[in-house]
Amino acid sequence: MRVFWKETRDAAKSVGLRLIALDIRGPEDFEPAFGAMVKERSEALSCCLTVITSVHRQKIVDLAAKNRLLGMYPFGDFTA
């Protein structure tokens, strides 16, 4: 994920966007992570594909909708 993060961060910076990395190690981290996004006034979520995000994709999509965050997901089945 380090290569993905660096390339994404560099691309975002080149167009004036600021990215915030949130480390998710388990399902108990989702609520605090979304709380941090709201506190930072984030407008969107870019979700990386990991085992945790794949297994809990519905929770991520639900929290993004609840917090009115646009979402970019690795596969369409996150929102199907």
# chains A, B, ... in the order shown; residues from 1 in each chain; ligands from 1
call {"tool": "residues_around", "arguments": {"residues": "region 65-72 of chain A", "least_positions_apart": "6", "cutoff": "6 Å", "atoms": "only C-alpha atoms", "output": "number ranges by chain"}}
result
A: 43-46
call {"tool": "write_last_selection", "arguments": {"atoms": "C-alpha atoms", "output": "PDB file, in the first residue's frame"}}
result
ATOM      1  CA  GLU A  43     -15.380  15.659   1.388  1.00  0.00           C
ATOM      2  CA  ALA A  44     -14.490  12.250   0.004  1.00  0.00           C
ATOM      3  CA  LEU A  45     -13.183   8.805   0.832  1.00  0.00           C
ATOM      4  CA  SER A  46     -10.768   6.745  -1.249  1.00  0.00           C
TER       5      SER A  46
END
call {"tool": "select_by_dssp", "arguments": {"residues": "chain A", "states": "strand (DSSP E or B)", "output": "VMD selection string"}}
result
chain A and resid 44 to 46 70 to 72
call {"tool": "atom_distance", "arguments": {"atom1": "CA of Phe30 (chain A)", "atom2": "CA of Ala64 (chain A)"}}
result
10.3 Å
call {"tool": "select_by_dssp", "arguments": {"residues": "region 6-78 of chain A", "states": "helix (DSSP H, G or I)", "output": "ChimeraX atom specification"}}
result
/A:6-14,27-39,51-55,57-66,76-78
call {"tool": "closest_residue", "arguments": {"among": "A:Glu7, A:Gly76, A:Ile60, A:Leu17", "to": "Glu31 (chain A)", "atoms": "only C-alpha atoms"}}
result
A:Ile60
call {"tool": "closest_residue", "arguments": {"among": "A:Val61, A:Thr79, A:Ala21, A:Val38", "to": "Phe4 (chain A)", "atoms": "only C-alpha atoms"}}
result
A:Ala21
call {"tool": "atom_distance", "arguments": {"atom1": "CA of Lys6 (chain A)", "atom2": "CA of Glu28 (chain A)"}}
result
25.8 Å
call {"tool": "residues_around", "arguments": {"residues": "Gln58 (chain A)", "least_positions_apart": "5", "cutoff": "10 Å", "atoms": "only C-alpha atoms", "output": "ChimeraX atom specification"}}
result
/A:53,63-64,77-80
call {"tool": "closest_residue", "arguments": {"among": "A:Arg25, A:Phe75, A:Cys48, A:Lys39", "to": "Met1 (chain A)", "atoms": "only C-alpha atoms"}}
result
A:Cys48
call {"tool": "atom_distance", "arguments": {"atom1": "CA of Gly35 (chain A)", "atom2": "CA of Cys47 (chain A)"}}
result
15.7 Å
call {"tool": "residues_around", "arguments": {"residues": "Arg9 (chain A)", "least_positions_apart": "3", "cutoff": "8 Å", "atoms": "only C-alpha atoms", "output": "ChimeraX atom specification"}}
result
/A:5-6,12-13,18-19
call {"tool": "write_last_selection", "arguments": {"atoms": "N, CA and C atoms", "output": "compact mmCIF listing (two decimals), in the first residue's frame"}}
result
# COMPACT_ATOMS: atom_id res chain seq x y z
N TRP A 5 -0.12 4.62 -1.85
CA TRP A 5 -0.31 5.85 -1.06
C TRP A 5 0.56 6.98 -1.59
N LYS A 6 1.84 6.70 -1.86
CA LYS A 6 2.74 7.74 -2.32
C LYS A 6 2.27 8.31 -3.66
N ALA A 12 -2.62 13.88 -5.80
CA ALA A 12 -3.56 14.80 -5.13
C ALA A 12 -2.90 16.15 -4.88
N LYS A 13 -1.69 16.13 -4.42
CA LYS A 13 -0.96 17.37 -4.13
C LYS A 13 -0.80 18.21 -5.40
N ARG A 18 -5.57 17.74 -0.35
CA ARG A 18 -4.83 17.23 0.81
C ARG A 18 -5.42 15.88 1.21
N LEU A 19 -4.57 14.89 1.31
CA LEU A 19 -5.01 13.56 1.72
C LEU A 19 -4.64 13.30 3.17
call {"tool": "decode", "arguments": {"residues": "region 31-76 of chain A", "atoms": "C-alpha atoms", "output": "mmCIF file, in the first residue's frame"}}
result
data_model
loop_
_atom_site.group_PDB
_atom_site.id
_atom_site.type_symbol
_atom_site.label_atom_id
_atom_site.label_comp_id
_atom_site.auth_asym_id
_atom_site.auth_seq_id
_atom_site.Cartn_x
_atom_site.Cartn_y
_atom_site.Cartn_z
ATOM 1 C CA GLU A 31 -16.247 4.598 13.566
ATOM 2 C CA PRO A 32 -13.213 6.548 14.892
ATOM 3 C CA ALA A 33 -11.826 6.877 11.346
ATOM 4 C CA PHE A 34 -15.070 8.317 10.022
ATOM 5 C CA GLY A 35 -15.239 10.583 13.068
ATOM 6 C CA ALA A 36 -11.776 11.878 12.175
ATOM 7 C CA MET A 37 -12.866 12.467 8.581
ATOM 8 C CA VAL A 38 -15.869 14.478 9.725
ATOM 9 C CA LYS A 39 -13.727 16.463 12.166
ATOM 10 C CA GLU A 40 -11.283 17.299 9.339
ATOM 11 C CA ARG A 41 -14.223 18.297 7.108
ATOM 12 C CA SER A 42 -13.308 15.684 4.541
ATOM 13 C CA GLU A 43 -15.380 15.659 1.388
ATOM 14 C CA ALA A 44 -14.490 12.250 0.004
ATOM 15 C CA LEU A 45 -13.183 8.805 0.832
ATOM 16 C CA SER A 46 -10.768 6.745 -1.249
ATOM 17 C CA CYS A 47 -10.878 3.174 -0.038
ATOM 18 C CA CYS A 48 -7.929 0.831 -0.631
ATOM 19 C CA LEU A 49 -8.510 -2.853 -1.158
ATOM 20 C CA THR A 50 -7.474 -4.927 1.835
ATOM 21 C CA VAL A 51 -8.954 -7.990 3.481
ATOM 22 C CA ILE A 52 -10.564 -5.772 6.137
ATOM 23 C CA THR A 53 -12.117 -3.331 3.662
ATOM 24 C CA SER A 54 -13.332 -6.168 1.443
ATOM 25 C CA VAL A 55 -14.984 -8.074 4.302
ATOM 26 C CA HIS A 56 -16.547 -4.920 5.788
ATOM 27 C CA ARG A 57 -17.336 -3.090 2.551
ATOM 28 C CA GLN A 58 -21.015 -2.604 3.373
ATOM 29 C CA LYS A 59 -20.169 -0.928 6.684
ATOM 30 C CA ILE A 60 -17.727 1.405 4.898
ATOM 31 C CA VAL A 61 -20.288 2.340 2.244
ATOM 32 C CA ASP A 62 -22.972 2.865 4.916
ATOM 33 C CA LEU A 63 -20.701 5.095 7.020
ATOM 34 C CA ALA A 64 -19.680 7.106 3.963
ATOM 35 C CA ALA A 65 -23.337 7.680 3.078
ATOM 36 C CA LYS A 66 -24.270 8.515 6.674
ATOM 37 C CA ASN A 67 -21.466 11.085 6.822
ATOM 38 C CA ARG A 68 -22.206 12.419 3.327
ATOM 39 C CA LEU A 69 -18.787 11.540 1.928
ATOM 40 C CA LEU A 70 -18.236 10.817 -1.729
ATOM 41 C CA GLY A 71 -16.612 7.438 -2.114
ATOM 42 C CA MET A 72 -14.070 5.902 -4.473
ATOM 43 C CA TYR A 73 -13.886 2.157 -4.130
ATOM 44 C CA PRO A 74 -11.635 -0.451 -5.748
ATOM 45 C CA PHE A 75 -14.521 -2.476 -7.200
ATOM 46 C CA GLY A 76 -18.152 -1.883 -8.100
#
